[in-house]
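File shown: start-v2.txt. Contents: compact mmCIF, C-alpha atoms.
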```txt
# COMPACT_ATOMS: atom_id res chain seq x y z
CA MET A 5 28.73 41.69 11.91
CA LYS A 6 25.22 40.37 12.40
CA THR A 7 23.71 42.82 9.93
CA LEU A 8 26.39 41.79 7.43
CA LEU A 9 25.43 38.15 7.91
CA VAL A 10 21.72 38.92 7.50
CA ALA A 11 22.42 41.01 4.41
CA SER A 12 24.51 38.25 2.85
CA VAL A 13 21.76 35.71 3.57
CA PHE A 14 19.22 37.97 1.86
CA VAL A 15 21.55 38.50 -1.11
CA LEU A 16 22.15 34.74 -1.44
CA ALA A 17 18.41 34.04 -1.19
CA GLY A 18 17.76 36.65 -3.86
CA VAL A 19 20.40 35.13 -6.14
CA LEU A 20 18.91 31.66 -5.60
CA GLY A 21 15.42 32.98 -6.37
CA LEU A 22 16.62 34.67 -9.54
CA ALA A 23 18.48 31.52 -10.63
CA LEU A 24 15.39 29.38 -10.03
CA GLY A 25 13.20 31.81 -11.96
CA TRP A 26 15.69 31.96 -14.80
CA SER A 27 15.95 28.17 -15.01
CA MET A 28 12.13 27.97 -15.04
CA LEU A 29 12.06 30.22 -18.11
CA ASP A 30 14.91 28.22 -19.62
CA LEU A 31 13.12 24.85 -19.38
CA PRO A 32 12.50 23.16 -22.75
CA ALA A 33 8.91 22.57 -23.82
CA THR A 34 7.64 19.20 -22.64
CA ALA A 35 7.76 16.49 -25.30
CA VAL A 36 4.63 14.70 -24.04
CA LYS A 37 1.49 16.74 -23.50
CA LEU A 38 0.40 15.09 -20.23
CA PRO A 39 -2.94 16.93 -19.77
CA VAL A 40 -4.00 15.84 -23.25
CA GLU A 41 -3.01 12.23 -22.52
CA VAL A 42 -4.90 12.25 -19.22
CA LYS A 43 -8.01 13.72 -20.88
CA ALA A 44 -7.85 11.05 -23.57
CA GLN A 45 -7.71 8.21 -21.01
CA LEU A 46 -10.15 9.73 -18.50
CA ALA A 47 -13.08 7.69 -19.76
CA VAL A 48 -11.50 4.36 -18.75
CA SER A 49 -10.11 5.58 -15.41
CA GLY A 50 -13.38 5.09 -13.52
CA VAL A 51 -13.53 8.68 -12.22
CA ALA A 52 -14.37 11.98 -13.87
CA HIS A 53 -11.82 14.23 -12.18
CA PRO A 54 -8.34 14.27 -13.77
CA VAL A 55 -6.41 14.77 -10.49
CA THR A 56 -8.09 11.78 -8.83
CA ALA A 57 -7.58 9.73 -11.99
CA VAL A 58 -3.85 10.47 -11.94
CA LEU A 59 -3.45 9.91 -8.20
CA LEU A 60 -5.43 6.69 -7.87
CA ASN A 61 -5.26 5.13 -11.32
CA PHE A 62 -2.53 6.30 -13.69
CA ARG A 63 0.04 6.88 -10.95
CA GLY A 64 -1.48 4.67 -8.26
CA TYR A 65 1.94 3.31 -7.39
CA ASP A 66 3.05 6.73 -6.11
CA THR A 67 0.02 7.00 -3.83
CA LEU A 68 0.62 3.49 -2.51
CA LEU A 69 4.19 4.41 -1.55
CA GLU A 70 3.03 7.75 -0.11
CA ILE A 71 0.68 6.15 2.41
CA ALA A 72 3.44 3.65 3.25
CA VAL A 73 5.85 6.53 3.97
CA LEU A 74 3.28 8.27 6.20
CA LEU A 75 2.67 5.04 8.11
CA LEU A 76 6.44 4.58 8.55
CA ALA A 77 6.75 8.12 9.93
CA LEU A 78 4.07 7.42 12.53
CA LEU A 79 5.65 4.05 13.41
CA ALA A 80 8.96 5.83 14.00
CA ILE A 81 7.23 8.30 16.35
CA LEU A 82 5.47 5.49 18.21
CA ALA A 83 8.79 3.67 18.55
CA LEU A 84 10.42 6.64 20.29
CA PRO A 85 11.14 5.86 23.92
CA GLN A 86 8.47 7.53 26.02
CA ALA A 87 9.96 9.11 29.06
CA THR A 88 7.50 8.34 31.82
CA SER A 89 7.50 10.19 35.07
CA SER A 90 5.36 9.71 38.13
CA VAL A 91 3.94 13.23 37.88
CA GLU A 92 1.71 13.58 34.86
CA ARG A 93 0.77 17.12 34.12
CA CYS A 94 -1.92 18.43 31.86
CA PRO A 95 -0.66 21.56 30.09
CA ALA A 96 -4.07 22.35 28.72
CA SER A 97 -5.91 21.75 31.98
CA ALA A 98 -7.51 25.18 31.69
CA ASN A 99 -8.86 24.20 28.27
CA ARG A 100 -9.97 20.80 29.46
CA MET A 101 -12.40 22.41 31.87
CA ASN A 102 -13.60 25.00 29.38
CA PRO A 103 -17.29 24.26 28.65
CA MET A 104 -17.32 26.75 25.76
CA LEU A 105 -14.55 24.96 23.89
CA GLN A 106 -16.09 21.57 24.56
CA THR A 107 -19.52 22.65 23.31
CA VAL A 108 -18.06 24.15 20.15
CA ALA A 109 -16.01 21.00 19.56
CA ARG A 110 -19.08 18.82 20.05
CA LEU A 111 -20.98 20.96 17.53
CA LEU A 112 -18.18 21.17 14.98
CA VAL A 113 -16.88 17.61 14.91
CA PRO A 114 -20.03 16.01 13.40
CA LEU A 115 -19.98 18.73 10.74
CA MET A 116 -16.31 18.00 10.02
CA VAL A 117 -17.06 14.28 9.67
CA LEU A 118 -19.86 15.18 7.25
CA VAL A 119 -17.52 17.43 5.25
CA ALA A 120 -14.89 14.68 5.15
CA GLY A 121 -17.45 12.22 3.79
CA TYR A 122 -18.57 14.72 1.17
CA VAL A 123 -15.00 15.56 0.12
CA LEU A 124 -14.21 11.85 -0.20
CA TRP A 125 -17.30 11.21 -2.34
CA ALA A 126 -16.85 14.37 -4.41
CA GLY A 127 -13.26 13.36 -5.25
CA ALA A 128 -14.59 11.24 -8.11
CA TYR A 129 -15.79 14.20 -10.15
CA ARG A 130 -14.48 17.42 -8.60
CA PRO A 131 -11.55 18.57 -6.43
CA GLY A 132 -11.34 16.47 -3.29
CA GLY A 133 -10.40 12.94 -2.39
CA ALA A 134 -8.83 10.80 0.28
CA PHE A 135 -6.02 13.11 1.34
CA GLN A 136 -8.23 16.14 1.88
CA ALA A 137 -10.92 14.08 3.62
CA GLY A 138 -8.30 12.46 5.85
CA ALA A 139 -6.84 15.85 6.74
CA VAL A 140 -10.27 17.18 7.74
CA LEU A 141 -10.93 14.11 9.89
CA ALA A 142 -7.50 14.46 11.50
CA GLY A 143 -8.30 18.11 12.21
CA ALA A 144 -11.48 16.95 13.96
CA GLY A 145 -9.41 14.56 16.07
CA VAL A 146 -6.95 17.29 17.05
CA LEU A 147 -9.83 19.62 17.93
CA LEU A 148 -11.34 16.96 20.17
CA HIS A 149 -7.98 16.45 21.84
CA LEU A 150 -7.47 20.17 22.42
CA ALA A 151 -10.95 20.44 23.95
CA GLY A 152 -10.02 17.63 26.33
CA LEU A 153 -12.55 15.16 24.94
CA LEU A 154 -10.01 12.78 23.43
CA PRO A 155 -7.09 11.44 25.50
CA PRO A 156 -3.62 11.17 23.94
CA TRP A 157 -2.38 7.80 22.77
CA THR A 158 -0.53 6.35 25.71
CA SER A 159 -0.49 2.90 24.14
CA PRO A 160 -2.34 2.31 20.87
CA GLY A 161 -4.69 -0.64 21.18
CA ARG A 162 -5.37 -3.33 18.64
CA ALA A 163 -8.26 -1.50 16.92
CA LEU A 164 -6.12 1.61 16.51
CA ARG A 165 -3.21 -0.36 15.04
CA VAL A 166 -5.53 -2.09 12.57
CA GLY A 167 -7.01 1.29 11.63
CA LEU A 168 -3.55 2.74 11.03
CA ALA A 169 -2.57 -0.03 8.64
CA PHE A 170 -6.06 -0.43 7.11
CA GLY A 171 -5.60 1.90 4.13
CA LEU A 172 -2.27 0.42 3.11
CA LEU A 173 -3.60 -3.13 3.53
CA VAL A 174 -6.70 -2.41 1.40
CA PHE A 175 -4.52 -0.76 -1.24
CA ILE A 176 -2.09 -3.71 -1.31
CA ALA A 177 -4.96 -6.22 -1.35
CA VAL A 178 -6.58 -4.49 -4.32
CA ALA A 179 -3.22 -4.21 -6.10
CA ALA A 180 -2.56 -7.93 -5.55
CA ALA A 181 -6.06 -8.94 -6.63
CA VAL A 182 -5.80 -6.85 -9.78
CA MET A 183 -2.38 -8.34 -10.49
CA LEU A 184 -4.01 -11.78 -10.94
CA GLN A 185 -5.30 -10.69 -14.33
CA GLY A 186 -2.56 -8.40 -15.55
CA THR A 187 -0.21 -5.71 -14.33
CA LEU A 188 0.13 -4.14 -10.92
CA LEU A 189 -2.59 -1.55 -10.21
CA GLN A 190 -4.19 -1.70 -13.64
CA TYR A 191 -7.87 -1.80 -12.80
CA PRO A 192 -10.37 -3.34 -15.23
CA PRO A 193 -12.33 -0.33 -16.58
CA ALA A 194 -15.71 -1.74 -15.50
CA TRP A 195 -14.57 -2.03 -11.85
CA ALA A 196 -12.25 0.96 -11.71
CA GLY A 197 -14.70 3.40 -10.13
CA ALA A 198 -15.74 1.03 -7.32
CA LEU A 199 -12.15 -0.06 -6.62
CA ILE A 200 -10.93 3.54 -6.46
CA LEU A 201 -13.74 4.44 -4.05
CA LEU A 202 -12.88 1.41 -1.88
CA ILE A 203 -9.18 2.36 -1.80
CA GLU A 204 -9.99 6.00 -1.08
CA ALA A 205 -12.31 5.08 1.78
CA GLY A 206 -9.58 2.93 3.34
CA LEU A 207 -6.99 5.63 2.75
CA THR A 208 -9.20 8.25 4.41
CA VAL A 209 -9.49 6.24 7.62
CA SER A 210 -5.76 5.53 7.79
CA LEU A 211 -4.68 9.03 6.78
CA ALA A 212 -6.93 10.57 9.41
CA LEU A 213 -5.50 8.28 12.10
CA VAL A 214 -1.90 8.78 10.95
CA LEU A 215 -2.15 12.57 10.74
CA ALA A 216 -3.98 12.81 14.06
CA GLY A 217 -1.47 10.34 15.49
CA LEU A 218 1.46 12.57 14.54
CA TYR A 219 -0.18 15.08 16.87
CA LEU A 220 -1.60 12.87 19.62
CA ALA A 221 1.43 10.61 19.99
CA LEU A 222 3.84 13.55 19.98
CA THR A 223 1.70 15.44 22.48
CA ASP A 224 1.74 12.46 24.76
CA THR A 225 5.53 12.10 24.86
CA SER A 226 6.04 15.77 25.58
CA VAL A 227 3.37 15.83 28.28
CA GLN A 228 4.99 13.02 30.18
CA GLN A 229 8.55 14.31 30.07
CA MET B 7 -4.40 41.35 -11.32
CA ILE B 8 -4.36 43.77 -8.38
CA PHE B 9 -5.53 40.95 -6.11
CA ASP B 10 -2.75 38.68 -7.36
CA LEU B 11 -0.11 41.34 -6.80
CA LEU B 12 -1.43 41.99 -3.29
CA LEU B 13 -1.43 38.25 -2.62
CA VAL B 14 2.18 37.86 -3.75
CA THR B 15 3.24 40.85 -1.65
CA ALA B 16 1.42 39.52 1.41
CA LEU B 17 2.98 36.07 0.90
CA LEU B 18 6.49 37.49 0.70
CA VAL B 19 5.99 39.84 3.66
CA SER B 20 4.50 37.13 5.89
CA ALA B 21 7.26 34.67 4.92
CA VAL B 22 10.06 37.15 5.65
CA HIS B 23 8.48 38.20 8.96
CA ALA B 24 7.82 34.60 10.03
CA LEU B 25 11.51 33.81 9.48
CA SER B 26 12.98 36.99 10.94
CA THR B 27 10.85 37.77 13.99
CA PRO B 28 12.50 36.92 17.33
CA ASP B 29 9.10 36.25 18.96
CA LEU B 30 8.30 32.56 18.48
CA PHE B 31 4.55 32.96 18.98
CA ARG B 32 4.41 35.68 16.34
CA ALA B 33 6.45 33.45 14.01
CA VAL B 34 3.96 30.59 14.39
CA VAL B 35 0.97 32.86 13.78
CA LEU B 36 2.66 34.34 10.73
CA PHE B 37 3.39 30.81 9.50
CA ILE B 38 -0.34 29.99 9.75
CA VAL B 39 -1.17 33.23 7.94
CA PHE B 40 1.35 32.29 5.26
CA GLY B 41 -0.27 28.85 4.91
CA LEU B 42 -3.74 30.34 4.46
CA LEU B 43 -2.47 32.89 1.91
CA MET B 44 -0.68 30.06 0.11
CA ALA B 45 -3.97 28.14 -0.06
CA LEU B 46 -5.55 31.24 -1.64
CA ALA B 47 -2.68 31.39 -4.12
CA TRP B 48 -3.19 27.72 -5.07
CA ALA B 49 -6.90 28.40 -5.56
CA ARG B 50 -6.02 31.35 -7.80
CA LEU B 51 -3.70 29.05 -9.78
CA ASN B 52 -6.67 26.75 -10.53
CA ALA B 53 -5.38 24.02 -8.22
CA PRO B 54 -8.22 23.64 -5.68
CA ASP B 55 -7.01 20.16 -4.67
CA ILE B 56 -3.70 21.52 -3.45
CA ALA B 57 -5.48 24.51 -1.91
CA LEU B 58 -7.64 22.18 0.21
CA ALA B 59 -4.65 20.11 1.30
CA GLU B 60 -2.58 23.22 2.05
CA ALA B 61 -5.32 24.79 4.16
CA ALA B 62 -5.98 21.57 6.10
CA ILE B 63 -2.44 20.24 6.56
CA GLY B 64 -0.15 23.21 5.98
CA ALA B 65 -2.04 25.82 7.96
CA ALA B 66 -4.31 23.99 10.41
CA LEU B 67 -2.54 20.78 11.46
CA THR B 68 1.04 22.09 11.33
CA GLY B 69 -0.04 25.32 12.99
CA ALA B 70 -1.71 23.42 15.84
CA LEU B 71 1.38 21.25 16.20
CA LEU B 72 3.70 24.26 16.36
CA LEU B 73 1.45 26.08 18.85
CA ASP B 74 1.39 22.97 21.03
CA ALA B 75 5.19 22.68 20.91
CA LEU B 76 5.41 26.36 21.85
CA GLY B 77 3.14 25.77 24.85
CA HIS B 78 5.41 22.96 26.07
CA LEU B 79 8.49 25.16 25.58
CA HIS B 80 6.96 27.93 27.70
CA GLN B 81 5.96 25.43 30.37
CA LYS B 82 9.51 24.07 30.58
CA ARG B 83 11.00 27.54 30.78
CA ARG B 84 8.63 28.43 33.63
CA GLU B 85 9.63 25.29 35.51
CA ARG B 86 13.32 25.99 35.14
CA SER B 87 13.03 29.51 36.55
CA PRO B 88 10.22 29.52 39.09
```
Would you write the structure of this file as C-alpha cells?
Amino acid sequence: MKTLLVASVFVLAGVLGLALGWSMLDLPATAVKLPVEVKAQLAVSGVAHPVTAVLLNFRGYDTLLEIAVLLLALLAILALPQATSSVERCPASANRMNPMLQTVARLLVPLMVLVAGYVLWAGAYRPGGAFQAGAVLAGAGVLLHLAGLLPPWTSPGRALRVGLAFGLLVFIAVAAAVMLQGTLLQYPPAWAGALILLIEAGLTVSLALVLAGLYLALTDTSVQQ
Amino acid sequence: MIFDLLLVTALLVSAVHALSTPDLFRAVVLFIVFGLLMALAWARLNAPDIALAEAAIGAALTGALLLDALGHLHQKRRERSP
C-alpha cells in the first residue's frame, strides 16, 4: 500500500514536471524586450549594474514592499506568546564553553562584516547589493549566537526596534521626499546613485537584523519552553 | 556540458533523498547540499546575484535554522523518555 502511494506520488510529480516543462516551451515570445529596455535606461538609473537598477530604481516599489513583508514576518514572530518557565536551559551549553568555536567566530565575524560592506558597495556596478550584504551580516549574527557570544533576544530594546524599522523608514522617507517633485520613487538622475546607496545601506542594516532576528527570536522561544 | 549534466543529476538526487530519507538529520544536511548545488546552478546560469542570495539565505541561514530546530526536537525527545 505504502509503495503504491509513493509510486503514485512519483508519477504525479513526474507528470507535473513534464506539464511545467511543456508549458515553458509553449510560452509565446515576450512582446517587450525587457533586457533591451533596461540597457537603454541604465545611464539614468544612477547605477551601472542592471539587476540593482531594476531592484532599486525601475521596480523600487517591489523592493519597498518586500522589506515591509520581511519586517511584518519578524513582528509576527516577536508577537508570539513566549512561554516562560523558571528553568532556563542552554541547549548549546557545550558550544558556549568551546574556546575553539569562539576564537573562530571572533576571527570570522570582522571578515564577514568587511565582505558585507564590500558586497553592498559593489552592488552599484557588479552582482551584489543590500539583500546579499544583509544575508552575510545576518549569518555573522547567527554565528556569534551559536558560539555563545551573542545572547538571544529576550526583549528587543529600543535601539534594536529602531534598527529593525530603519531600512523601511529610510526607504519611505526617500520615496516621500522624491514624491514632492514628481512620481513615487522616481529619482532625479543626478541624485539617483547617492539615493540608491543611502536606501541600500539602510536596507542592509534592517535586513541583517530581521534575518538574524528570525533565528534569534525563534531560538529564544524554543529555549524557554 | 558534462559539468552541467552532473550538476543536474546531483541536484535531483539530493532533492529526492532529502525528501525521502527517514533520518531527519540526513534530510537537513542533504537540504544544505541541495542549496549549495542550487547556488552553483544559478552561477552557471549567469545569475550570480541569485547565487549569492541562495548560498547565504537558502543554504546557510535556513540550514542553521533547521539544524537548531532538530537540536530542540532531540532535546525534547530525551526529556520525555529519560
Would you mind listing, as a ChimeraX atom specification, all residues of chain A that have at least one atom within 7 Å of chain B, where only C-alpha atoms are what counts? /A:131-132,136,139-140,143,219
Range 195-211 of chain A: which residues within 7 Å, counting all atoms listed in the file, same-chain residues fewer than 5 positions away excluded, as a PDB file with C-alpha atoms, in the coordinates of the input?
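Output contents, as saved in result_37.pdb:
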```
ATOM      1  CA  SER A  49     -10.110   5.580 -15.410  1.00  0.00           C
ATOM      2  CA  GLY A  50     -13.380   5.090 -13.520  1.00  0.00           C
ATOM      3  CA  VAL A  51     -13.530   8.680 -12.220  1.00  0.00           C
ATOM      4  CA  LEU A  60      -5.430   6.690  -7.870  1.00  0.00           C
ATOM      5  CA  ALA A 134      -8.830  10.800   0.280  1.00  0.00           C
ATOM      6  CA  PHE A 135      -6.020  13.110   1.340  1.00  0.00           C
ATOM      7  CA  ALA A 137     -10.920  14.080   3.620  1.00  0.00           C
ATOM      8  CA  GLY A 138      -8.300  12.460   5.850  1.00  0.00           C
ATOM      9  CA  GLY A 167      -7.010   1.290  11.630  1.00  0.00           C
ATOM     10  CA  LEU A 168      -3.550   2.740  11.030  1.00  0.00           C
ATOM     11  CA  ALA A 169      -2.570  -0.030   8.640  1.00  0.00           C
ATOM     12  CA  PHE A 170      -6.060  -0.430   7.110  1.00  0.00           C
ATOM     13  CA  GLY A 171      -5.600   1.900   4.130  1.00  0.00           C
ATOM     14  CA  VAL A 174      -6.700  -2.410   1.400  1.00  0.00           C
ATOM     15  CA  PHE A 175      -4.520  -0.760  -1.240  1.00  0.00           C
TER      16      PHE A 175
END
```
What is the distance, in Å and to one decimal place, between CA of Ala21 in chain B and CA of Val39 in chain B?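 Separating CA of Ala21 in chain B from CA of Val39 in chain B is a distance of 9.1 Å.
The two atoms in question, CA of Ala109 in chain A and CA of Ala142 in chain A, are spaced 13.4 Å apart.
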Go ahead and compute the interatomic distance for CA of Phe62 in chain A and CA of Leu215 in chain A, in Å to one decimal.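 Spanning CA of Phe62 in chain A to CA of Leu215 in chain A is a straight-line distance of 25.2 Å.
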Nearest residue to Tyr129 in chain A from the set A:Leu38, A:Ala57, A:Val214, A:Ala163 (distances using all atoms listed in the file):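 Looking only at the distances to Tyr129 in chain A, the closest residue turns out to be A:Ala57.
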Using only C-alpha atoms, determine which residues lie at most 9 Å from Ile38 in chain B, disregarding the query and same-chain residues fewer than 3 positions distant; provide the list as a PyMOL selection string. chain B and resi 33-35+41-43+64-66+68-69
